[in-house]
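Heads up, final_11.pdb below (PDB, N, CA and C atoms):
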```pdb
ATOM      1  N   MET W   1       0.846  -1.170   0.000
ATOM      2  CA  MET W   1       0.000   0.000   0.000
ATOM      3  C   MET W   1       0.889   1.230   0.000
ATOM      4  N   GLY W   2       0.468   2.274  -0.699
ATOM      5  CA  GLY W   2       1.235   3.498  -0.799
ATOM      6  C   GLY W   2       0.955   4.452   0.348
ATOM      7  N   ASN W   3       1.615   5.587   0.291
ATOM      8  CA  ASN W   3       1.411   6.660   1.252
ATOM      9  C   ASN W   3       0.575   7.741   0.586
ATOM     10  N   LYS W   4      -0.133   8.550   1.390
ATOM     11  CA  LYS W   4      -0.946   9.642   0.852
ATOM     12  C   LYS W   4      -0.185  10.954   0.937
ATOM     13  N   TYR W   5      -0.280  11.752  -0.126
ATOM     14  CA  TYR W   5       0.427  13.017  -0.229
ATOM     15  C   TYR W   5      -0.524  14.118  -0.671
ATOM     16  N   ASN W   6      -0.150  15.354  -0.351
ATOM     17  CA  ASN W   6      -0.881  16.536  -0.778
ATOM     18  C   ASN W   6       0.051  17.416  -1.587
ATOM     19  N   PHE W   7      -0.458  18.002  -2.662
ATOM     20  CA  PHE W   7       0.281  18.947  -3.484
ATOM     21  C   PHE W   7      -0.470  20.272  -3.388
ATOM     22  N   LEU W   8       0.158  21.267  -2.771
ATOM     23  CA  LEU W   8      -0.470  22.555  -2.505
ATOM     24  C   LEU W   8       0.151  23.622  -3.399
ATOM     25  N   PHE W   9      -0.697  24.410  -4.058
ATOM     26  CA  PHE W   9      -0.248  25.366  -5.056
ATOM     27  C   PHE W   9      -0.710  26.778  -4.716
ATOM     28  N   SER W  10      -0.098  27.758  -5.374
ATOM     29  CA  SER W  10      -0.505  29.157  -5.257
ATOM     30  C   SER W  10      -1.206  29.578  -6.550
ATOM     31  N   ASP W  11      -1.491  30.849  -6.691
ATOM     32  CA  ASP W  11      -2.011  31.431  -7.933
ATOM     33  C   ASP W  11      -3.327  30.800  -8.395
ATOM     34  N   ASP W  12      -4.219  30.514  -7.462
ATOM     35  CA  ASP W  12      -5.555  29.971  -7.765
ATOM     36  C   ASP W  12      -5.546  28.600  -8.435
ATOM     37  N   ILE W  13      -4.429  27.884  -8.352
ATOM     38  CA  ILE W  13      -4.383  26.511  -8.843
ATOM     39  C   ILE W  13      -4.916  25.624  -7.723
ATOM     40  N   PRO W  14      -5.930  24.787  -8.002
ATOM     41  CA  PRO W  14      -6.513  23.971  -6.935
ATOM     42  C   PRO W  14      -5.507  22.965  -6.370
ATOM     43  N   ASP W  15      -5.571  22.769  -5.062
ATOM     44  CA  ASP W  15      -4.720  21.776  -4.408
ATOM     45  C   ASP W  15      -5.138  20.376  -4.835
ATOM     46  N   ILE W  16      -4.181  19.470  -4.866
ATOM     47  CA  ILE W  16      -4.432  18.052  -5.126
ATOM     48  C   ILE W  16      -4.106  17.347  -3.814
ATOM     49  N   THR W  17      -5.104  16.777  -3.161
ATOM     50  CA  THR W  17      -4.896  16.210  -1.829
ATOM     51  C   THR W  17      -5.319  14.747  -1.768
ATOM     52  N   GLY W  18      -4.722  14.038  -0.810
ATOM     53  CA  GLY W  18      -5.085  12.647  -0.557
ATOM     54  C   GLY W  18      -4.672  11.703  -1.665
ATOM     55  N   ILE W  19      -3.608  12.035  -2.390
ATOM     56  CA  ILE W  19      -3.144  11.206  -3.497
ATOM     57  C   ILE W  19      -2.284  10.073  -2.952
ATOM     58  N   GLU W  20      -2.641   8.856  -3.296
ATOM     59  CA  GLU W  20      -1.881   7.695  -2.847
ATOM     60  C   GLU W  20      -0.736   7.437  -3.821
ATOM     61  N   ILE W  21       0.483   7.366  -3.283
ATOM     62  CA  ILE W  21       1.689   7.183  -4.085
ATOM     63  C   ILE W  21       2.343   5.854  -3.711
ATOM     64  N   GLU W  22       2.791   5.119  -4.711
ATOM     65  CA  GLU W  22       3.458   3.836  -4.503
ATOM     66  C   GLU W  22       4.883   3.925  -5.030
ATOM     67  N   LYS W  23       5.861   3.466  -4.244
ATOM     68  CA  LYS W  23       7.264   3.500  -4.658
ATOM     69  C   LYS W  23       7.620   2.236  -5.427
ATOM     70  N   ASN W  24       8.387   2.433  -6.511
ATOM     71  CA  ASN W  24       8.875   1.323  -7.339
ATOM     72  C   ASN W  24      10.251   1.684  -7.864
ATOM     73  N   ASP W  25      11.306   1.033  -7.411
ATOM     74  CA  ASP W  25      12.653   1.212  -7.973
ATOM     75  C   ASP W  25      13.024   2.683  -8.199
ATOM     76  N   ASN W  26      13.099   3.459  -7.153
ATOM     77  CA  ASN W  26      13.492   4.876  -7.193
ATOM     78  C   ASN W  26      12.501   5.783  -7.914
ATOM     79  N   THR W  27      11.310   5.290  -8.195
ATOM     80  CA  THR W  27      10.269   6.108  -8.808
ATOM     81  C   THR W  27       8.997   5.936  -7.999
ATOM     82  N   ALA W  28       8.272   7.005  -7.791
ATOM     83  CA  ALA W  28       6.975   6.944  -7.125
ATOM     84  C   ALA W  28       5.918   7.358  -8.130
ATOM     85  N   VAL W  29       4.862   6.562  -8.230
ATOM     86  CA  VAL W  29       3.806   6.814  -9.202
ATOM     87  C   VAL W  29       2.476   6.844  -8.470
ATOM     88  N   MET W  30       1.610   7.754  -8.881
ATOM     89  CA  MET W  30       0.283   7.853  -8.292
ATOM     90  C   MET W  30      -0.473   6.557  -8.509
ATOM     91  N   VAL W  31      -1.090   6.037  -7.453
ATOM     92  CA  VAL W  31      -1.922   4.852  -7.562
ATOM     93  C   VAL W  31      -3.242   5.276  -8.195
ATOM     94  N   GLY W  32      -3.680   4.561  -9.212
ATOM     95  CA  GLY W  32      -4.928   4.899  -9.881
ATOM     96  C   GLY W  32      -4.770   5.988 -10.920
ATOM     97  N   SER W  33      -3.571   6.145 -11.483
ATOM     98  CA  SER W  33      -3.377   7.124 -12.554
ATOM     99  C   SER W  33      -4.355   6.827 -13.680
ATOM    100  N   THR W  34      -4.869   7.891 -14.284
ATOM    101  CA  THR W  34      -5.807   7.748 -15.400
ATOM    102  C   THR W  34      -5.366   8.693 -16.506
ATOM    103  N   ASP W  35      -6.152   8.778 -17.562
ATOM    104  CA  ASP W  35      -5.843   9.708 -18.641
ATOM    105  C   ASP W  35      -5.929  11.158 -18.182
ATOM    106  N   THR W  36      -6.624  11.427 -17.077
ATOM    107  CA  THR W  36      -6.809  12.806 -16.626
ATOM    108  C   THR W  36      -6.105  13.125 -15.316
ATOM    109  N   HIS W  37      -5.484  12.136 -14.684
ATOM    110  CA  HIS W  37      -4.780  12.349 -13.424
ATOM    111  C   HIS W  37      -3.501  11.512 -13.420
ATOM    112  N   TYR W  38      -2.370  12.193 -13.378
ATOM    113  CA  TYR W  38      -1.103  11.469 -13.429
ATOM    114  C   TYR W  38      -0.060  12.241 -12.624
ATOM    115  N   ILE W  39       0.607  11.548 -11.706
ATOM    116  CA  ILE W  39       1.706  12.140 -10.944
ATOM    117  C   ILE W  39       2.834  11.126 -10.905
ATOM    118  N   ARG W  40       4.040  11.569 -11.252
ATOM    119  CA  ARG W  40       5.226  10.704 -11.222
ATOM    120  C   ARG W  40       6.369  11.492 -10.595
ATOM    121  N   ILE W  41       7.041  10.863  -9.631
ATOM    122  CA  ILE W  41       8.152  11.500  -8.924
ATOM    123  C   ILE W  41       9.321  10.527  -8.925
ATOM    124  N   ASN W  42      10.524  11.038  -9.241
ATOM    125  CA  ASN W  42      11.725  10.244  -9.014
ATOM    126  C   ASN W  42      12.769  11.147  -8.384
ATOM    127  N   ALA W  43      13.981  10.684  -8.276
ATOM    128  CA  ALA W  43      15.019  11.440  -7.566
ATOM    129  C   ALA W  43      15.304  12.793  -8.208
ATOM    130  N   SER W  44      15.021  12.947  -9.499
ATOM    131  CA  SER W  44      15.394  14.189 -10.165
ATOM    132  C   SER W  44      14.239  14.952 -10.805
ATOM    133  N   LYS W  45      13.025  14.391 -10.839
ATOM    134  CA  LYS W  45      11.963  15.023 -11.605
ATOM    135  C   LYS W  45      10.582  14.795 -10.986
ATOM    136  N   LEU W  46       9.698  15.791 -11.142
ATOM    137  CA  LEU W  46       8.286  15.698 -10.758
ATOM    138  C   LEU W  46       7.463  16.048 -11.982
ATOM    139  N   THR W  47       6.524  15.173 -12.338
ATOM    140  CA  THR W  47       5.634  15.410 -13.467
ATOM    141  C   THR W  47       4.200  15.250 -12.990
ATOM    142  N   ILE W  48       3.350  16.245 -13.293
ATOM    143  CA  ILE W  48       1.942  16.196 -12.908
ATOM    144  C   ILE W  48       1.090  16.576 -14.117
ATOM    145  N   LEU W  49       0.031  15.818 -14.350
ATOM    146  CA  LEU W  49      -1.051  16.175 -15.262
ATOM    147  C   LEU W  49      -2.329  15.995 -14.465
ATOM    148  N   TYR W  50      -3.139  17.054 -14.373
ATOM    149  CA  TYR W  50      -4.367  16.976 -13.600
ATOM    150  C   TYR W  50      -5.447  17.754 -14.329
ATOM    151  N   LEU W  51      -6.521  17.080 -14.712
ATOM    152  CA  LEU W  51      -7.639  17.700 -15.406
ATOM    153  C   LEU W  51      -8.866  17.653 -14.501
ATOM    154  N   LYS W  52      -9.546  18.790 -14.369
ATOM    155  CA  LYS W  52     -10.742  18.849 -13.531
ATOM    156  C   LYS W  52     -11.618  19.998 -14.011
ATOM    157  N   ASP W  53     -12.912  19.738 -14.149
ATOM    158  CA  ASP W  53     -13.881  20.774 -14.513
ATOM    159  C   ASP W  53     -13.458  21.554 -15.755
ATOM    160  N   ASN W  54     -13.066  20.849 -16.798
ATOM    161  CA  ASN W  54     -12.662  21.442 -18.074
ATOM    162  C   ASN W  54     -11.435  22.350 -17.989
ATOM    163  N   ALA W  55     -10.638  22.214 -16.935
ATOM    164  CA  ALA W  55      -9.381  22.959 -16.799
ATOM    165  C   ALA W  55      -8.261  21.950 -16.633
ATOM    166  N   SER W  56      -7.026  22.349 -17.002
ATOM    167  CA  SER W  56      -5.890  21.439 -16.855
ATOM    168  C   SER W  56      -4.734  22.143 -16.171
ATOM    169  N   TRP W  57      -3.985  21.371 -15.402
ATOM    170  CA  TRP W  57      -2.792  21.858 -14.719
ATOM    171  C   TRP W  57      -1.683  20.849 -14.971
ATOM    172  N   THR W  58      -0.514  21.352 -15.301
ATOM    173  CA  THR W  58       0.623  20.467 -15.539
ATOM    174  C   THR W  58       1.844  21.019 -14.810
ATOM    175  N   ALA W  59       2.714  20.121 -14.458
ATOM    176  CA  ALA W  59       4.026  20.487 -13.902
ATOM    177  C   ALA W  59       5.028  19.498 -14.480
ATOM    178  N   ASP W  60       6.145  20.003 -14.881
ATOM    179  CA  ASP W  60       7.231  19.176 -15.397
ATOM    180  C   ASP W  60       8.509  19.855 -14.913
ATOM    181  N   THR W  61       8.981  19.443 -13.757
ATOM    182  CA  THR W  61      10.045  20.191 -13.093
ATOM    183  C   THR W  61      11.143  19.290 -12.568
ATOM    184  N   ASN W  62      12.302  19.840 -12.438
ATOM    185  CA  ASN W  62      13.419  19.144 -11.816
ATOM    186  C   ASN W  62      13.354  19.333 -10.309
ATOM    187  N   ARG W  63      13.814  18.327  -9.560
ATOM    188  CA  ARG W  63      13.807  18.397  -8.102
ATOM    189  C   ARG W  63      15.215  18.631  -7.613
TER     190      ARG W  63
END
```
What does the file become when written as structure tokens?
Amino acid sequence: MGNKYNFLFSDDIPDITGIEIEKNDNTAVMVGSTDTHYIRINASKLTILYLKDNASWTADTNR
């Protein structure tokens, strides 16, 4: 079973809370990823795709 995480943002971007993350070989992936919700974290990068209410938010950043 994974751990639950919250991603909190500024600038009127809605928070993403209660996301269950599972670790696999130095990579953590959101449990239950779908075409509209995807979070991937590894030692050097964070990638987020989140679609809700006809709006989209993405992050593709180095850690």
Closest of W:Lys4, W:His37, W:Asp25, W:Asp12 to W:Lys52, counting all atoms listed in the file, is W:His37
Take atom C of W:Phe7 and atom C of W:Thr61 and report the distance between them in Å, one decimal.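 Between atom C of W:Phe7 and atom C of W:Thr61 the gap works out to 14.8 Å.
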Spatial neighbours of W:Asn62, 6 Å, all atoms listed in the file, chain gap at least 5 places, as a PyMOL selection string: chain W and resi 44-46
Go ahead and compute the interatomic distance for atom N of W:Asn3 and atom C of W:Tyr38, in Å to one decimal.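 Atom-to-atom, atom N of W:Asn3 and atom C of W:Tyr38 are spaced 14.6 Å apart.
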Using only C-alpha atoms, which of W:Ala59, W:Tyr5, W:Ile48, W:Ile39 sits nearest W:Thr17? W:Tyr5
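Here atom CA of W:Asn6 is placed at a distance of 13.2 Å from atom N of W:Ile41.
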With the file shown as input, list the residues that the PyMOL selection byres ((chain W and resi 58) around 7) selects, as an NGL selection string. :W and (47-50 or 56-57 or 59-60)
Could you dump the residues just selected with N, CA and C atoms as an mmCIF file, keeping the file's coordinate frame?
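What landed in result-v4.cif:
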```cif
data_model
loop_
_atom_site.group_PDB
_atom_site.id
_atom_site.type_symbol
_atom_site.label_atom_id
_atom_site.label_comp_id
_atom_site.auth_asym_id
_atom_site.auth_seq_id
_atom_site.Cartn_x
_atom_site.Cartn_y
_atom_site.Cartn_z
ATOM 1 N N THR W 47 6.524 15.173 -12.338
ATOM 2 C CA THR W 47 5.634 15.410 -13.467
ATOM 3 C C THR W 47 4.200 15.250 -12.990
ATOM 4 N N ILE W 48 3.350 16.245 -13.293
ATOM 5 C CA ILE W 48 1.942 16.196 -12.908
ATOM 6 C C ILE W 48 1.090 16.576 -14.117
ATOM 7 N N LEU W 49 0.031 15.818 -14.350
ATOM 8 C CA LEU W 49 -1.051 16.175 -15.262
ATOM 9 C C LEU W 49 -2.329 15.995 -14.465
ATOM 10 N N TYR W 50 -3.139 17.054 -14.373
ATOM 11 C CA TYR W 50 -4.367 16.976 -13.600
ATOM 12 C C TYR W 50 -5.447 17.754 -14.329
ATOM 13 N N SER W 56 -7.026 22.349 -17.002
ATOM 14 C CA SER W 56 -5.890 21.439 -16.855
ATOM 15 C C SER W 56 -4.734 22.143 -16.171
ATOM 16 N N TRP W 57 -3.985 21.371 -15.402
ATOM 17 C CA TRP W 57 -2.792 21.858 -14.719
ATOM 18 C C TRP W 57 -1.683 20.849 -14.971
ATOM 19 N N ALA W 59 2.714 20.121 -14.458
ATOM 20 C CA ALA W 59 4.026 20.487 -13.902
ATOM 21 C C ALA W 59 5.028 19.498 -14.480
ATOM 22 N N ASP W 60 6.145 20.003 -14.881
ATOM 23 C CA ASP W 60 7.231 19.176 -15.397
ATOM 24 C C ASP W 60 8.509 19.855 -14.913
#
```
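Of the listed residues W:Arg63, W:Phe9, W:Asp15, W:Lys23, the one whose atoms come nearest to W:Ala43 is W:Arg63, with distances taken using all atoms listed in the file.
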